[in-house]
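Let me begin by presenting the structure, written as structure tokens, before commenting on it.
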Amino acid sequence: MVSRTTDDYQAMAIAGCEAICEPAFWAGFDRSSAQGFHDYYRQLTEYEPQRAAKFGIKHFCWLCINPKEAEDSGFAREVMAIIPEFLDAPTVLGIGEIGLNKNTISELTIFEEHVAIAQKHDLPILIHTPHLEDKLKGTRLIIDALKNAKVDPSKVIIDHVEEHTAGMVLDAGFWAGMTLYPESKCTLPRAVDILENFGMENIWMNSACDWGISDPLAVAKCMQEMKKRQHSQETIHKVVYDNPVKFLSQSPNFSL
Amino acid sequence: MPSKQDILDLYFMDARCKLIDIAAFLDRMDRFDGDADYRFNGFHEALDAMLKPGEQSRAQAVLNTLSDQTVEPIPKAIIQGAFGAPNKQAGN
């Protein structure tokens, strides 16, 4: 939400949104210093919760250095060194969104080091999978790395799944997330297709709310899409509310 | 559960519109000069995969065709973004 106007908080509140879980992500440009991330983590843990609270919405966050800025492993480690100082903040859920972008050796190393931080602090993990042609390979590399690290898959959600990756994520015991976009990636009808094909267990959907073309009301609109497909209110509630609450409740800081 | 008629009522017009968009895109590529690149080859391969998906769903067949099928991490990123189709000549 750091990229969004306050109008979006208002619209989400009117749409019935109770909580926002904002991952640390790429801001559309590379930050030039670890201090820039320190400021960003303060924004996520101090400022955004206050902004959301004005609309009755609880704001939580995930912390990491995102994979797009993790190619320089020395810089990434400098940033990762400041993460523990924020882990005790009352709205931090866990480590995320870590993952891969271009599936490089350095990205994979930094991903594994983030996983180690989560394991050390017994926190859930939110994982970003690469986009477009890089997603399939990246998802496979991520699953292999998590298995090698012997991570409890029930504490990991692998996000941005699409039709070709949802099955491998769920079959390996991880949670799957679908990030909804108005264009270019997972659309509302396709998200409902994925739910119908892969089931309603251990899966959630989230609205992309970043600096690009994205829609904070995408989840609310997808609820309407499910309704048009004749899914029951119980099923819709399970996917958009019960499932996220079940996963997020593994974080000691999550409560509604 | 919706019927096939329900699905047609919900999505036919949208799918029709997107199908014509694809046809117009292919016409547009024919109309202009210059060389296409790996993305256009990938697009054609994905169209073929959609029509002959085999054991996969059509969406899976298209996505898999437009995916990098290599398995090893690459030494270094030279860009941050993605192009939507694998550049097989570049090794992905």
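In the structure tokens, the first chain shown is A, the next is B, and so on; residue numbers restart at 1 for each chain, and ligands run from 1 in the order shown.
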Compute the set of chain B residues within 6 Å of chain A, using only C-alpha atoms, and express it as number ranges by chain.
B: 60, 66-68, 73-76, 84-86
At a cut-off of 9 Å, using only C-alpha atoms, what residues contact Ala191 in chain A? Leave out same-chain residues fewer than 3 positions from it and give the result as a ChimeraX atom specification.
/A:162-163,178-180,186-188,194-196,205,222
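Using only C-alpha atoms, the smallest distance between any of A:Ala52, A:Cys61, A:Ile236, A:Ala116 and Thr6 in chain A comes from A:Ala52.
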Could you check which of A:Gly96, A:Pro124, A:Gly199, A:Pro182 is closest to Gly212 in chain A, using only C-alpha atoms?
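Between A:Gly96, A:Pro124, A:Gly199, A:Pro182, the residue approaching Gly212 in chain A most closely is A:Pro182.
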Apply DSSP to the structure's backbone, then extract all residues of chain B labelled alpha helix (DSSP H) and return them as a PyMOL selection string.
chain B and resi 4-31+38-51+58-65
Selection above as a file: C-alpha atoms, as a compact mmCIF listing (two decimals), in the first residue's frame:
```txt
# COMPACT_ATOMS: atom_id res chain seq x y z
CA LYS B 4 -22.16 -24.94 -20.61
CA GLN B 5 -24.95 -22.51 -21.53
CA ASP B 6 -24.23 -20.52 -18.37
CA ILE B 7 -20.52 -20.39 -19.20
CA LEU B 8 -21.30 -19.23 -22.73
CA ASP B 9 -23.59 -16.55 -21.38
CA LEU B 10 -20.87 -15.38 -19.00
CA TYR B 11 -17.79 -15.54 -21.17
CA PHE B 12 -18.53 -15.98 -24.90
CA MET B 13 -18.53 -12.31 -25.81
CA ASP B 14 -15.33 -11.66 -23.89
CA ALA B 15 -13.59 -14.68 -25.44
CA ARG B 16 -14.85 -13.68 -28.91
CA CYS B 17 -13.39 -10.22 -28.42
CA LYS B 18 -10.02 -11.62 -27.31
CA LEU B 19 -9.96 -14.08 -30.21
CA ILE B 20 -10.47 -11.25 -32.69
CA ASP B 21 -7.75 -9.28 -30.90
CA ILE B 22 -5.35 -12.18 -31.48
CA ALA B 23 -6.33 -12.40 -35.14
CA ALA B 24 -5.84 -8.66 -35.54
CA PHE B 25 -2.45 -8.88 -33.80
CA LEU B 26 -1.32 -11.55 -36.28
CA ASP B 27 -2.60 -9.43 -39.19
CA ARG B 28 -0.74 -6.43 -37.76
CA MET B 29 2.49 -8.40 -37.61
CA ASP B 30 2.00 -9.43 -41.26
CA ARG B 31 1.38 -5.86 -42.32
CA TYR B 38 11.62 -15.35 -30.46
CA ARG B 39 8.49 -13.92 -28.87
CA PHE B 40 6.52 -14.30 -32.09
CA ASN B 41 7.79 -17.83 -32.63
CA GLY B 42 6.77 -18.60 -29.07
CA PHE B 43 3.35 -17.13 -29.69
CA HIS B 44 2.79 -19.41 -32.69
CA GLU B 45 4.03 -22.41 -30.72
CA ALA B 46 1.61 -21.51 -27.94
CA LEU B 47 -1.28 -21.29 -30.40
CA ASP B 48 -0.41 -24.78 -31.63
CA ALA B 49 -0.20 -26.01 -28.03
CA MET B 50 -3.62 -24.55 -27.28
CA LEU B 51 -5.14 -26.49 -30.17
CA ARG B 58 -5.12 -25.74 -22.76
CA ALA B 59 -4.07 -23.03 -20.31
CA GLN B 60 -1.31 -25.25 -18.93
CA ALA B 61 -0.15 -26.11 -22.46
CA VAL B 62 0.10 -22.44 -23.42
CA LEU B 63 1.86 -21.46 -20.20
CA ASN B 64 4.32 -24.35 -20.42
CA THR B 65 5.10 -23.50 -24.06
```
Restricting the calculation to only C-alpha atoms, which member of A:Ser255, A:Asn206, A:Asn66, A:Thr5 is positioned closest to Trp26 in chain A?
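Between A:Ser255, A:Asn206, A:Asn66, A:Thr5, the residue approaching Trp26 in chain A most closely is A:Asn66.
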